[in-house]
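Notes for the one structure printed next.
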Amino acid sequence: WARTEIDIKEDTPDIAGVSIKVNEASDVQGADGDMAFTAAVLGDAYAAITAAMSAAPLSPATPLGVNQSSLSFNLHSDGPSDGTGGIGGQDNQTKLEFDQAAMPEMYAKLPGFLETGANSLEGYAKLTFDVSADGQTVTGWFMHGGEKITAVIGTLTGVDYATGQATVTFAQFTAVKHEGGFDTNNLDTTFGVKVTDDDGDVTKANITLTIKDD
């Protein structure tokens, strides 16, 4: 008998990177590319953001800037539960979530601090990022005066495993550190996301958040 070798390439999910821009100047909310912070405009993301805000009640009541974009992924499911061949195939392993291991290094400006234009960390606090148990919300926060203050919240809402679509939204609540100087120095930073298919295969991508200098 002849020996035949068959090489089968395992299907893995795809996920596309996303870019979002927010403006940290408080007087342009709903303009200059930012979206209004209302349920009518943001949909499910509004409830997700306000729920995350409740964990730090002394944080600003409304964000400086907020924006959202669509995110696309394809599970390419090949497990026994997929049944649809392609995008579908959701089971208990299937999940789209923020990646706790791929959070950025960011610094929030402390309340009352006046920038000197120097490229130093004086007057700033490093953010800690927490991803929720369901992976759908990430919150960046810092401590000041013994209180927890929220600086950034990101959400994944409307996740549809049948169509491979979701909405990603970011809200910025406090000014963050940009490059030194008083000129407009936009900050590009990345947040990791990952998608797991019904076989447990994982693919990762980045959401680029561009914060326009105030």
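As shown in the structure tokens, the chain order sets the letters A, B, ...; within each chain, residues go from 1, and ligands are also counted from 1 in the order they appear.
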
Distance query A:Thr62 at most 12 Å, only C-alpha atoms, self and fewer than 6 positions along chain excluded, as a PyMOL selection string: chain A and resi 24+26-27+29+36-38+46+49-50+53-54+150-153+171-174

Rank nothing, just name the residue among A:Trp141, A:Phe191, A:Leu75, A:Ala125 nearest to A:Asp14, using only C-alpha atoms.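 The answer is A:Leu75, which sits nearest to A:Asp14.
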
Could you give me, as a ChimeraX atom specification, the residues within 12 Å of A:Gly140, counting only C-alpha atoms and dropping anything in the same chain fewer than 3 positions from it? /A:52-53,55-56,59,100,103-108,125-132,137,143,148-155,170-174,176,191

From the list A:Pro111, A:Leu156, A:Asp34, A:Asp134, which residue is nearest A:Ala47 when using only C-alpha atoms?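 Closest candidate: A:Leu156.
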
Find the residue from A:Asp160, A:Glu147, A:Asp44, A:Asp199 that sits nearest to A:Phe73; use only C-alpha atoms when measuring. A:Asp160

With only C-alpha atoms as the basis for distance, which of A:Ala102, A:Leu110, A:Glu97, A:Tyr161 is at the shortest distance from A:Gly145?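 Counting only C-alpha atoms, the residue closest to A:Gly145 is A:Leu110.
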
In terms of the shortest atom-to-atom distance over only C-alpha atoms, which of A:Asn186, A:Thr163, A:Ser19, A:Thr196 is closest to A:Lys212? A:Asn186

What's the 12 Å shell around A:Lys95, counting only C-alpha atoms, without same-chain residues fewer than 6 positions away, as a ChimeraX atom specification? /A:13,15,73-75,88-89,133-136,156,159-161,164,166,193-204

Best match for closeness to A:Val41 among A:Ala205, A:Leu58, A:Val22, A:Val66, counting only C-alpha atoms: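 Ranking A:Ala205, A:Leu58, A:Val22, A:Val66 by distance to A:Val41, first place goes to A:Val66.
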
Atomic distance atom CA of A:Thr208 - atom CA of A:Phe142, expressed in Å with one decimal: 21.2 Å
